[in-house]
Amino acid sequence: MTETTPDAVPAAPAKPQVIEAPADRTRRLRVGGVMLVFALIGLGLAAFTKSGKATFQLVSGDLEHNLLGLPAQPVAIVLGILGVGAAVAYILRQVPQRYAGWLAAVLGVAFIGAFLCWASAGKTFPLANQFQGTLNFATPLILGALAGVLCERAGVINIAIEGQFLVGAFTAALVSSTTNSATAALIAAAASGVLMAALLAVFSIKYLVNQVVLGVVLVVFATGITGFLFDQFMQPEAEKLNTPNVLSAVKIPGLADIPFIGPILFNQTILVYLTYLAVAVVTFVLFETRWGLRIRAVGEHPKAADTVGIKVKRIRYSAVLAAGVLAGLGGAFFTVGYAGSFAKEMTAGNGFIALAALIMGRWHPIGAMVAALFFGFATQLQSQLQIIQTPIPGELLLMAPYLATIIAVAGLVGRVRAPKADGEPYVTE
Amino acid sequence: MSTETEAAPVPAPPAKEPQRGAGLPSWAVQGLVSLSAIVLALLVGAILIIIGDDQVQKAVGYFGAAPMDTLSAALTAVGEAYKSLAVGALGGWTPISESLTQATPLICGGLAVSLAFRTGLFNIGAQGQLIAGAILASYVGFAWHLPPVLHLIVAIVAGLIGGALWGGVVGLLKARTGAHEVIVTIMLNYVAIYLLAWLLTTSTFQRPGRTDPISPIVDSNAQYPKFGDTRLHVGFLVALVAAVFVWWLLNRSTIGFELRAVGANADASRTAGMSVGRAYVIAMVVAGALAGLAGTQQVLGTDLPLTDGVAASVGFDAITVALLGRGTPLGTVLAGLLFGALNAGGLQMQLITQTPLTLTTVLQAVIVLFVAAPALVRSIFRFLPKERGVGAVLAKGWNG
């Protein structure tokens with residue numbers, strides 16, 4: 001609290017003192033401490049980096065050209081120092097509060113860079129594959145997290161994303177196998193997601209079932225029903241019913257020719273383009289349209305919304321059902337977008353990672369997307385590091401998204417606050 | 001559909017008295033709702049069985065010519081499936097012992113979730129706590145060599161500690177930072193799963209000479225003694241003792257009173273001078289220890305080596321068990337027995353009538369769905385009296 005007292009030298013009017021509340025100060029020191037720990041780990045990695053070149057492959061599958069060779073240790077040291085600088089600058093309040101987030105971003109990039117230099121010193125790291133895989137893993141997470149954003153902004157907790165994924169994946173595989181139509185498969189997956197969402201909506205909004213309980217039960221239900229249908233119908237006639245066509249990549253002319261990022265971002269399946277679109281649309285709808293304003297109103301203060309004539313339940317139904325479309329499409333990614341066939345419980349907890357992304361992203365579409373990309377990055381990095389053989393066990397890397405989420409909700413990094421009426425059923429008196 | 005029609009309710013008499021059933025004690029009302037939910041779930045399951053049955057599909061082909069064939073084929077399919085389910089769960093000592101074996105970890109896991117419920121916490125983390133307990137218990141079980149009885153006790157205590165730590169973190173974070181327990185427990189489940197997967201690749205845990213994720217078998221001194229030739233072990237009795245302990249803790253101890261008070265109204269408890277944070281930590285430590293106990297039953301009783309499948313879906317089934325058991329120790333034991341029987345019978349049903357085991361998962365989900373929505377069950381079975389105050393003990397939204 002010493003900072004709150006004005007400086008003893010009065011002749012410095014050019015630098016106004018920003019008064020900081022004790023709680024903010026504690027938070028700053030705590031967050032700064034966490035940042036400093038990461039920065040020092042990054043610097044420590046630099047110290048242990050082997051000498052030699054770290055080679056980064058910039059075009060997927062091309063081992064001859066487009067390689068970026070960097071002297072591993074010097075680059076790692078520079079990045080490590082940059083990270084420590086960012087952490088110290090944050091702790092000492094050297095940048096305005098508004099830009100504090102950028103320091104965290106600088107630290108994050110520097111840390112990952114130093115880590116990659118350490119891991120790939122003397123080796124070749126497939127950087128293009130890394131980003132390609134990040135996008136692959138992140139696509140369903142983004143769609144699922146967006147579905148969660150829509151539901152929870154309207155005040156309905158959705159931890160049944162996993163269940164919606166499973167049903168969407170199953171339906172997409174079935175419809176694609178029987179009709180050979182990608183469009184039909186995606187529409188059917190979206191419809192099945194809406195069906196699951198309808199269960200969520202009816203039981204939570206009409207029958208006032210505790211929404212966390214409901215979410216858990218719906219996941220079990222989806223696991224059971226897709227498992228049953230798979231065992232009973234799909235598996236015995238797998239050649240007919242479980243051979244969906246994997247969506248083919250569609251190159252966007254012009255954009256796909258941008259070096260490095262072009263082929264990664266703009267030579268993708270229609271589902272990935274739909275995901276880009278979904279992020280933009282959900283952000284726009286939520287913050288720029290009347291429907292979005294009403295969604296946020298019923299999620300924060302349903303009574304006030306009701307008082308000004310907004311139909312609380314109707315808005316909640318519409319938001320939950322619209323979210324079902326996104327979650328169903330996210331599920332479709334697992335079969336028609338990636339794996340090419342359905343297997344029992346194939347979504348393997350991705351619905352819960354989407355939930356984590358939504359919370360890490362602070363219930364904001366863009367934030368959720370960034371968090372989903374981070375989780376996708378960690379997952380892909382794990383498989384890449386196994387290929388180039390680093391001493392880090394892959395399982396520990398796979399923990400990263402979950403640990404990061406715990407750190408986030410524990411308030412160690414920034415404030416995480418849910419919509420105020422999230423999870424509370426609205427009962428008119 | 002003989003099974004349903006027997007249990008199906010008699011049509012309600014004219015609803016002249018508005019206060020029907022008001023005289024019934026609340027446990028009877030809850031029992032009726034649970035029973036109705038089970039009947040409804042069996043009906044949903046019957047529909048799935050009928051859709052999936054070959055004979056029914058054939059009979060539907062000539063439905064116009066002989067509609068009764070379809071009906072009788074449907075009744076036969078459902079009857080046989082449910083009969084093999086019942087025989088597999090209860091038809092003799094071996095099936096019963098298998099049901100009890102399946103029920104054992106479900107009871108302890110269910111108690112872990114129930115105890116947290118009563119404190120106003122939603123513990124989705126039984127899975128992770130169970131794994132943490134199983135890791136420590138199995139380590140003590142195969143790496144240490146102690147005399148009989150003592151070894152088992154030490155291994156169980158290790159399991160309790162593992163679970164208590166994994167659960168205690170959640171309570172501590174909730175008390176100190178307000179981090180929502182649902183999110184933290186979900187995340188810790190996955191951390192535990194990957195921790196276990198990693199440990200089983202290390203030389204400390206992996207059985208020498210094996211490349212798959214499996215540990216050495218725990219010493220015979222550290223195993224729960226078995227009943228005869230069955231898979232049933234003393235862990236089942238331990239589970240019952242644990243249920244009595246939870247009952248005592250909640251209903252007869254000062255701490256339990258505080259836990260229930262915090263669960264009923266945290267603000268009022270704080271005003272009354274209780275430490276809400278302390279209650280959260282205690283509840284999660286004890287809940288974690290109970291889930292850890294379930295882990296010891298898996299690894300020291302049923303499985304014997306530690307594998308990456310040690311928890312199966314016990315931790316998640318425990319949630320449905322606790323929900324069906326309404327957060328009371330007795331209810332949890334009964335629900336655990338029911339689900340254990342469904343699991344054991346389901347295996348038999350899959351064997352005899354080729355009805356997939358996953359049907360029992362659907363049954364369990366639907367049972368709990370209906371139990372959680374008493375308003376829906378009442379709108380189907382009009383005769384059921386209205387409940388008071390049920391469901392209010394459960395956790396609220398993210399900010400609550």
# chains A, B, ... in the order shown; residues from 1 in each chain; ligands from 1
>>> interface_residues(of="chain A", to="chain B", cutoff="7 Å", atoms="only C-alpha atoms", output="list in words")
Tyr207, Val209, Val217, Val220, Phe221, Gly224, Ile225, Gly227, Phe228, Asp231, Gln232, Glu395, Leu396, Met399, Tyr402, Ile406, Val409, Ala410, Gly411, Ala418, Lys420, Asp422, Gly423 and Glu424 of chain A
>>> residues_around(residues="Pro216 (chain B)", least_positions_apart="2", cutoff="8 Å", atoms="only C-alpha atoms", output="compact mmCIF listing (two decimals) with N, CA and C atoms, in the first residue's frame")
# COMPACT_ATOMS: atom_id res chain seq x y z
N PHE B 142 2.29 -53.20 -3.84
CA PHE B 142 3.27 -54.07 -4.51
C PHE B 142 4.72 -53.72 -4.19
N PHE B 205 6.43 -48.00 -11.60
CA PHE B 205 5.10 -48.58 -11.60
C PHE B 205 4.92 -49.69 -12.61
N GLN B 206 5.63 -49.61 -13.74
CA GLN B 206 5.38 -50.60 -14.79
C GLN B 206 5.95 -51.96 -14.39
N ARG B 207 5.19 -53.00 -14.65
CA ARG B 207 5.65 -54.34 -14.30
C ARG B 207 6.86 -54.68 -15.16
N PRO B 208 7.93 -55.19 -14.54
CA PRO B 208 9.13 -55.49 -15.31
C PRO B 208 8.80 -56.46 -16.45
N ILE B 214 0.67 -51.57 -17.14
CA ILE B 214 0.18 -52.44 -16.07
C ILE B 214 1.26 -52.53 -15.00
N VAL B 218 -0.46 -56.65 -6.58
CA VAL B 218 -0.21 -56.31 -5.19
C VAL B 218 0.00 -57.59 -4.38
N PRO B 305 -3.61 -55.85 -10.16
CA PRO B 305 -2.60 -54.91 -10.66
C PRO B 305 -3.27 -53.55 -10.94
N LEU B 306 -2.46 -52.49 -10.95
CA LEU B 306 -2.97 -51.17 -11.32
C LEU B 306 -2.86 -51.05 -12.84
>>> select_by_dssp(residues="region 52-255 of chain B", states="strand (DSSP E)", output="number ranges by chain")
B: 214-217
>>> write_last_selection(atoms="N, CA and C atoms", output="short mmCIF file (atom, residue, chain, number, x, y, z; two decimals), in the first residue's frame")
data_model
loop_
_atom_site.label_atom_id
_atom_site.label_comp_id
_atom_site.auth_asym_id
_atom_site.auth_seq_id
_atom_site.Cartn_x
_atom_site.Cartn_y
_atom_site.Cartn_z
N ILE B 214 0.67 -51.57 -17.14
CA ILE B 214 0.18 -52.44 -16.07
C ILE B 214 1.26 -52.53 -15.00
N SER B 215 0.83 -52.52 -13.72
CA SER B 215 1.79 -52.57 -12.62
C SER B 215 1.93 -54.01 -12.14
N PRO B 216 2.91 -54.28 -11.25
CA PRO B 216 2.95 -55.61 -10.63
C PRO B 216 1.68 -55.87 -9.84
N ILE B 217 1.41 -57.14 -9.57
CA ILE B 217 0.25 -57.50 -8.77
C ILE B 217 0.54 -57.18 -7.30
#
>>> closest_residue(among="B:Ala222, B:Ile50, B:Ala264, B:Ala134", to="Leu150 (chain B)", atoms="only C-alpha atoms")
B:Ala222
>>> residues_around(residues="Ser275 (chain B)", least_positions_apart="2", cutoff="12 Å", atoms="only C-alpha atoms", output="short mmCIF file (atom, residue, chain, number, x, y, z; two decimals) with C-alpha atoms, in the first residue's frame")
data_model
loop_
_atom_site.label_atom_id
_atom_site.label_comp_id
_atom_site.auth_asym_id
_atom_site.auth_seq_id
_atom_site.Cartn_x
_atom_site.Cartn_y
_atom_site.Cartn_z
CA ALA B 175 -12.39 -21.91 0.30
CA ARG B 176 -9.41 -19.69 -0.48
CA ILE B 255 -18.88 -31.37 12.16
CA GLU B 258 -21.89 -27.70 10.26
CA LEU B 259 -21.52 -29.41 6.90
CA ALA B 261 -25.83 -26.17 7.69
CA VAL B 262 -23.34 -24.83 5.12
CA ALA B 266 -23.83 -20.90 3.45
CA ASP B 267 -24.60 -17.26 4.21
CA ALA B 268 -26.67 -18.06 7.28
CA SER B 269 -23.98 -20.45 8.53
CA ARG B 270 -21.36 -17.74 8.15
CA THR B 271 -23.55 -15.34 10.07
CA ALA B 272 -23.97 -17.96 12.77
CA GLY B 273 -20.22 -18.03 13.19
CA GLY B 277 -14.29 -22.46 4.12
CA ARG B 278 -13.38 -25.00 6.78
CA ALA B 279 -16.58 -26.92 6.03
CA TYR B 280 -15.70 -27.02 2.31
CA VAL B 281 -12.20 -28.30 3.04
CA ILE B 282 -13.41 -30.95 5.51
#
>>> select_by_dssp(residues="region 137-253 of chain B", states="alpha helix (DSSP H)", output="ChimeraX atom specification")
/B:137-143,150-177,181-199,235-252
>>> write_last_selection(atoms="C-alpha atoms", output="short mmCIF file (atom, residue, chain, number, x, y, z; two decimals), in the first residue's frame")
data_model
loop_
_atom_site.label_atom_id
_atom_site.label_comp_id
_atom_site.auth_asym_id
_atom_site.auth_seq_id
_atom_site.Cartn_x
_atom_site.Cartn_y
_atom_site.Cartn_z
CA ALA B 137 -2.71 -47.97 -2.50
CA SER B 138 -1.28 -50.08 -5.29
CA TYR B 139 2.19 -48.65 -4.79
CA VAL B 140 2.13 -49.60 -1.11
CA GLY B 141 0.57 -52.90 -2.12
CA PHE B 142 3.27 -54.07 -4.51
CA ALA B 143 6.38 -52.11 -3.50
CA LEU B 150 -1.02 -54.70 8.66
CA HIS B 151 -0.12 -54.51 4.99
CA LEU B 152 -3.75 -54.31 3.93
CA ILE B 153 -4.47 -51.61 6.51
CA VAL B 154 -1.44 -49.56 5.49
CA ALA B 155 -2.37 -49.88 1.82
CA ILE B 156 -5.94 -48.79 2.54
CA VAL B 157 -4.70 -45.81 4.54
CA ALA B 158 -2.44 -44.86 1.64
CA GLY B 159 -5.46 -44.96 -0.66
CA LEU B 160 -7.45 -42.80 1.73
CA ILE B 161 -4.63 -40.28 1.85
CA GLY B 162 -4.32 -40.19 -1.94
CA GLY B 163 -8.02 -39.52 -2.38
CA ALA B 164 -8.12 -37.03 0.49
CA LEU B 165 -5.28 -34.99 -1.02
CA TRP B 166 -6.86 -35.00 -4.49
CA GLY B 167 -10.20 -33.91 -3.00
CA GLY B 168 -8.72 -31.57 -0.42
CA VAL B 169 -7.12 -29.43 -3.12
CA VAL B 170 -10.59 -28.76 -4.47
CA GLY B 171 -11.95 -27.75 -1.07
CA LEU B 172 -8.95 -25.57 -0.38
CA LEU B 173 -9.17 -23.77 -3.72
CA LYS B 174 -12.89 -23.26 -3.21
CA ALA B 175 -12.39 -21.91 0.30
CA ARG B 176 -9.41 -19.69 -0.48
CA THR B 177 -10.09 -18.42 -3.99
CA GLU B 181 -15.56 -27.05 -7.52
CA VAL B 182 -17.30 -28.40 -10.62
CA ILE B 183 -14.67 -26.95 -12.91
CA VAL B 184 -11.74 -27.85 -10.68
CA THR B 185 -12.92 -31.43 -10.18
CA ILE B 186 -13.52 -32.00 -13.90
CA MET B 187 -10.03 -30.71 -14.66
CA LEU B 188 -8.42 -32.74 -11.86
CA ASN B 189 -10.08 -35.89 -13.24
CA TYR B 190 -8.16 -35.49 -16.46
CA VAL B 191 -4.95 -34.56 -14.64
CA ALA B 192 -5.29 -37.80 -12.66
CA ILE B 193 -5.96 -39.83 -15.81
CA TYR B 194 -2.81 -38.50 -17.49
CA LEU B 195 -0.79 -38.80 -14.29
CA LEU B 196 -1.76 -42.45 -14.07
CA ALA B 197 -0.97 -43.01 -17.74
CA TRP B 198 2.45 -41.44 -17.24
CA LEU B 199 3.24 -43.32 -14.00
CA GLY B 235 -14.16 -54.39 0.57
CA PHE B 236 -17.93 -54.68 0.29
CA LEU B 237 -18.26 -54.81 4.08
CA VAL B 238 -15.85 -51.89 4.32
CA ALA B 239 -18.17 -49.97 1.99
CA LEU B 240 -21.12 -50.64 4.31
CA VAL B 241 -19.05 -49.51 7.30
CA ALA B 242 -18.17 -46.37 5.35
CA ALA B 243 -21.88 -45.72 4.78
CA VAL B 244 -22.58 -46.04 8.50
CA PHE B 245 -19.66 -43.70 9.18
CA VAL B 246 -21.03 -41.09 6.76
CA TRP B 247 -24.46 -41.40 8.38
CA TRP B 248 -22.90 -40.88 11.79
CA LEU B 249 -20.78 -38.00 10.56
CA LEU B 250 -23.68 -36.19 8.94
CA ASN B 251 -26.40 -36.87 11.48
CA ARG B 252 -24.71 -37.35 14.82
#
>>> closest_residue(among="A:Ala160, A:Gly69, A:Gly133, A:Gly85", to="Gly349 (chain A)", atoms="only C-alpha atoms")
A:Ala160
>>> atom_distance(atom1="CA of Asp212 (chain B)", atom2="CA of Gly301 (chain B)")
21.4 Å
>>> residues_around(residues="Thr390 (chain A)", least_positions_apart="4", cutoff="10 Å", atoms="only C-alpha atoms", output="MDAnalysis selection string")
chainID A and resid 118:120 382 384:386 394
>>> residues_around(residues="Leu143 (chain A)", least_positions_apart="3", cutoff="8 Å", atoms="only C-alpha atoms", output="PyMOL selection string")
chain A and resi 139-140+146-147+275+278+326-327+329-330
>>> atom_distance(atom1="CA of Ser248 (chain A)", atom2="CA of Phe266 (chain A)")
12.6 Å
>>> atom_distance(atom1="CA of Pro105 (chain B)", atom2="CA of Gln298 (chain B)")
6.9 Å
>>> residues_around(residues="Pro365 (chain A)", least_positions_apart="2", cutoff="6 Å", atoms="only C-alpha atoms", output="PyMOL selection string")
chain A and resi 146+283+367-368
>>> write_last_selection(atoms="N, CA and C atoms", output="mmCIF file, in the first residue's frame")
data_model
loop_
_atom_site.group_PDB
_atom_site.id
_atom_site.type_symbol
_atom_site.label_atom_id
_atom_site.label_comp_id
_atom_site.auth_asym_id
_atom_site.auth_seq_id
_atom_site.Cartn_x
_atom_site.Cartn_y
_atom_site.Cartn_z
ATOM 1 N N LEU A 146 -18.030 -22.234 -28.298
ATOM 2 C CA LEU A 146 -18.988 -21.216 -28.746
ATOM 3 C C LEU A 146 -20.401 -21.617 -28.335
ATOM 4 N N THR A 283 -19.791 -13.657 -32.130
ATOM 5 C CA THR A 283 -19.337 -12.395 -31.545
ATOM 6 C C THR A 283 -20.253 -11.256 -31.962
ATOM 7 N N GLY A 367 -12.253 -14.934 -26.733
ATOM 8 C CA GLY A 367 -11.431 -15.529 -25.684
ATOM 9 C C GLY A 367 -11.500 -17.048 -25.732
ATOM 10 N N ALA A 368 -12.723 -17.555 -25.950
ATOM 11 C CA ALA A 368 -12.895 -19.006 -26.017
ATOM 12 C C ALA A 368 -12.100 -19.576 -27.184
#
>>> decode(residues="region 366-400 of chain A", atoms="N, CA and C atoms", output="PDB file, in the first residue's frame")
ATOM      1  N   ILE A 366     -14.314 -14.667 -28.583  1.00  0.00           N
ATOM      2  CA  ILE A 366     -12.929 -14.556 -29.026  1.00  0.00           C
ATOM      3  C   ILE A 366     -11.995 -15.208 -28.006  1.00  0.00           C
ATOM      4  N   GLY A 367     -12.253 -14.934 -26.733  1.00  0.00           N
ATOM      5  CA  GLY A 367     -11.431 -15.529 -25.684  1.00  0.00           C
ATOM      6  C   GLY A 367     -11.500 -17.048 -25.732  1.00  0.00           C
ATOM      7  N   ALA A 368     -12.723 -17.555 -25.950  1.00  0.00           N
ATOM      8  CA  ALA A 368     -12.895 -19.006 -26.017  1.00  0.00           C
ATOM      9  C   ALA A 368     -12.100 -19.576 -27.184  1.00  0.00           C
ATOM     10  N   MET A 369     -12.084 -18.831 -28.314  1.00  0.00           N
ATOM     11  CA  MET A 369     -11.337 -19.306 -29.475  1.00  0.00           C
ATOM     12  C   MET A 369      -9.841 -19.359 -29.164  1.00  0.00           C
ATOM     13  N   VAL A 370      -9.340 -18.290 -28.536  1.00  0.00           N
ATOM     14  CA  VAL A 370      -7.907 -18.255 -28.209  1.00  0.00           C
ATOM     15  C   VAL A 370      -7.551 -19.413 -27.275  1.00  0.00           C
ATOM     16  N   ALA A 371      -8.400 -19.633 -26.255  1.00  0.00           N
ATOM     17  CA  ALA A 371      -8.134 -20.724 -25.316  1.00  0.00           C
ATOM     18  C   ALA A 371      -8.171 -22.069 -26.033  1.00  0.00           C
ATOM     19  N   ALA A 372      -9.149 -22.239 -26.941  1.00  0.00           N
ATOM     20  CA  ALA A 372      -9.252 -23.499 -27.675  1.00  0.00           C
ATOM     21  C   ALA A 372      -8.010 -23.717 -28.534  1.00  0.00           C
ATOM     22  N   LEU A 373      -7.514 -22.632 -29.151  1.00  0.00           N
ATOM     23  CA  LEU A 373      -6.301 -22.754 -29.963  1.00  0.00           C
ATOM     24  C   LEU A 373      -5.114 -23.156 -29.085  1.00  0.00           C
ATOM     25  N   PHE A 374      -5.049 -22.561 -27.885  1.00  0.00           N
ATOM     26  CA  PHE A 374      -3.967 -22.906 -26.965  1.00  0.00           C
ATOM     27  C   PHE A 374      -4.028 -24.386 -26.599  1.00  0.00           C
ATOM     28  N   PHE A 375      -5.238 -24.882 -26.306  1.00  0.00           N
ATOM     29  CA  PHE A 375      -5.384 -26.286 -25.938  1.00  0.00           C
ATOM     30  C   PHE A 375      -5.024 -27.181 -27.121  1.00  0.00           C
ATOM     31  N   GLY A 376      -5.454 -26.758 -28.334  1.00  0.00           N
ATOM     32  CA  GLY A 376      -5.100 -27.523 -29.525  1.00  0.00           C
ATOM     33  C   GLY A 376      -3.593 -27.549 -29.724  1.00  0.00           C
ATOM     34  N   PHE A 377      -2.961 -26.410 -29.457  1.00  0.00           N
ATOM     35  CA  PHE A 377      -1.506 -26.314 -29.598  1.00  0.00           C
ATOM     36  C   PHE A 377      -0.813 -27.312 -28.671  1.00  0.00           C
ATOM     37  N   ALA A 378      -1.264 -27.336 -27.409  1.00  0.00           N
ATOM     38  CA  ALA A 378      -0.634 -28.239 -26.433  1.00  0.00           C
ATOM     39  C   ALA A 378      -0.808 -29.696 -26.850  1.00  0.00           C
ATOM     40  N   THR A 379      -2.017 -30.041 -27.330  1.00  0.00           N
ATOM     41  CA  THR A 379      -2.271 -31.427 -27.722  1.00  0.00           C
ATOM     42  C   THR A 379      -1.391 -31.830 -28.898  1.00  0.00           C
ATOM     43  N   GLN A 380      -1.298 -30.931 -29.899  1.00  0.00           N
ATOM     44  CA  GLN A 380      -0.502 -31.244 -31.076  1.00  0.00           C
ATOM     45  C   GLN A 380       0.983 -31.306 -30.720  1.00  0.00           C
ATOM     46  N   LEU A 381       1.407 -30.374 -29.848  1.00  0.00           N
ATOM     47  CA  LEU A 381       2.820 -30.340 -29.452  1.00  0.00           C
ATOM     48  C   LEU A 381       3.231 -31.674 -28.836  1.00  0.00           C
ATOM     49  N   GLN A 382       2.304 -32.245 -28.051  1.00  0.00           N
ATOM     50  CA  GLN A 382       2.589 -33.512 -27.390  1.00  0.00           C
ATOM     51  C   GLN A 382       2.940 -34.585 -28.424  1.00  0.00           C
ATOM     52  N   SER A 383       2.148 -34.663 -29.504  1.00  0.00           N
ATOM     53  CA  SER A 383       2.449 -35.733 -30.478  1.00  0.00           C
ATOM     54  C   SER A 383       3.705 -35.391 -31.289  1.00  0.00           C
ATOM     55  N   GLN A 384       3.932 -34.092 -31.546  1.00  0.00           N
ATOM     56  CA  GLN A 384       5.144 -33.708 -32.289  1.00  0.00           C
ATOM     57  C   GLN A 384       6.399 -34.042 -31.489  1.00  0.00           C
ATOM     58  N   LEU A 385       6.335 -33.760 -30.180  1.00  0.00           N
ATOM     59  CA  LEU A 385       7.525 -33.973 -29.360  1.00  0.00           C
ATOM     60  C   LEU A 385       7.843 -35.453 -29.233  1.00  0.00           C
ATOM     61  N   GLN A 386       6.798 -36.281 -29.318  1.00  0.00           N
ATOM     62  CA  GLN A 386       7.069 -37.718 -29.292  1.00  0.00           C
ATOM     63  C   GLN A 386       7.829 -38.129 -30.541  1.00  0.00           C
ATOM     64  N   ILE A 387       7.489 -37.452 -31.667  1.00  0.00           N
ATOM     65  CA  ILE A 387       8.165 -37.813 -32.917  1.00  0.00           C
ATOM     66  C   ILE A 387       9.637 -37.414 -32.862  1.00  0.00           C
ATOM     67  N   ILE A 388       9.913 -36.167 -32.393  1.00  0.00           N
ATOM     68  CA  ILE A 388      11.324 -35.753 -32.375  1.00  0.00           C
ATOM     69  C   ILE A 388      12.030 -36.186 -31.086  1.00  0.00           C
ATOM     70  N   GLN A 389      11.310 -36.879 -30.221  1.00  0.00           N
ATOM     71  CA  GLN A 389      11.914 -37.484 -29.028  1.00  0.00           C
ATOM     72  C   GLN A 389      12.575 -36.501 -28.083  1.00  0.00           C
ATOM     73  N   THR A 390      11.769 -35.927 -27.226  1.00  0.00           N
ATOM     74  CA  THR A 390      12.294 -35.087 -26.151  1.00  0.00           C
ATOM     75  C   THR A 390      12.083 -35.817 -24.839  1.00  0.00           C
ATOM     76  N   PRO A 391      12.839 -35.438 -23.819  1.00  0.00           N
ATOM     77  CA  PRO A 391      12.691 -36.152 -22.542  1.00  0.00           C
ATOM     78  C   PRO A 391      11.380 -35.868 -21.827  1.00  0.00           C
ATOM     79  N   ILE A 392      10.563 -34.932 -22.329  1.00  0.00           N
ATOM     80  CA  ILE A 392       9.323 -34.617 -21.619  1.00  0.00           C
ATOM     81  C   ILE A 392       8.266 -35.661 -21.929  1.00  0.00           C
ATOM     82  N   PRO A 393       7.675 -36.311 -20.904  1.00  0.00           N
ATOM     83  CA  PRO A 393       6.620 -37.286 -21.181  1.00  0.00           C
ATOM     84  C   PRO A 393       5.391 -36.582 -21.763  1.00  0.00           C
ATOM     85  N   GLY A 394       4.842 -37.175 -22.824  1.00  0.00           N
ATOM     86  CA  GLY A 394       3.689 -36.578 -23.496  1.00  0.00           C
ATOM     87  C   GLY A 394       2.505 -36.390 -22.574  1.00  0.00           C
ATOM     88  N   GLU A 395       2.335 -37.343 -21.622  1.00  0.00           N
ATOM     89  CA  GLU A 395       1.174 -37.269 -20.733  1.00  0.00           C
ATOM     90  C   GLU A 395       1.182 -35.974 -19.930  1.00  0.00           C
ATOM     91  N   LEU A 396       2.387 -35.516 -19.552  1.00  0.00           N
ATOM     92  CA  LEU A 396       2.454 -34.296 -18.745  1.00  0.00           C
ATOM     93  C   LEU A 396       2.038 -33.096 -19.579  1.00  0.00           C
ATOM     94  N   LEU A 397       2.376 -33.105 -20.885  1.00  0.00           N
ATOM     95  CA  LEU A 397       1.947 -32.013 -21.757  1.00  0.00           C
ATOM     96  C   LEU A 397       0.437 -32.015 -21.926  1.00  0.00           C
ATOM     97  N   LEU A 398      -0.131 -33.237 -21.984  1.00  0.00           N
ATOM     98  CA  LEU A 398      -1.580 -33.334 -22.158  1.00  0.00           C
ATOM     99  C   LEU A 398      -2.315 -32.775 -20.941  1.00  0.00           C
ATOM    100  N   MET A 399      -1.637 -32.739 -19.796  1.00  0.00           N
ATOM    101  CA  MET A 399      -2.258 -32.168 -18.600  1.00  0.00           C
ATOM    102  C   MET A 399      -2.370 -30.655 -18.689  1.00  0.00           C
ATOM    103  N   ALA A 400      -1.522 -30.033 -19.539  1.00  0.00           N
ATOM    104  CA  ALA A 400      -1.392 -28.573 -19.529  1.00  0.00           C
ATOM    105  C   ALA A 400      -2.731 -27.835 -19.617  1.00  0.00           C
TER     106      ALA A 400
END
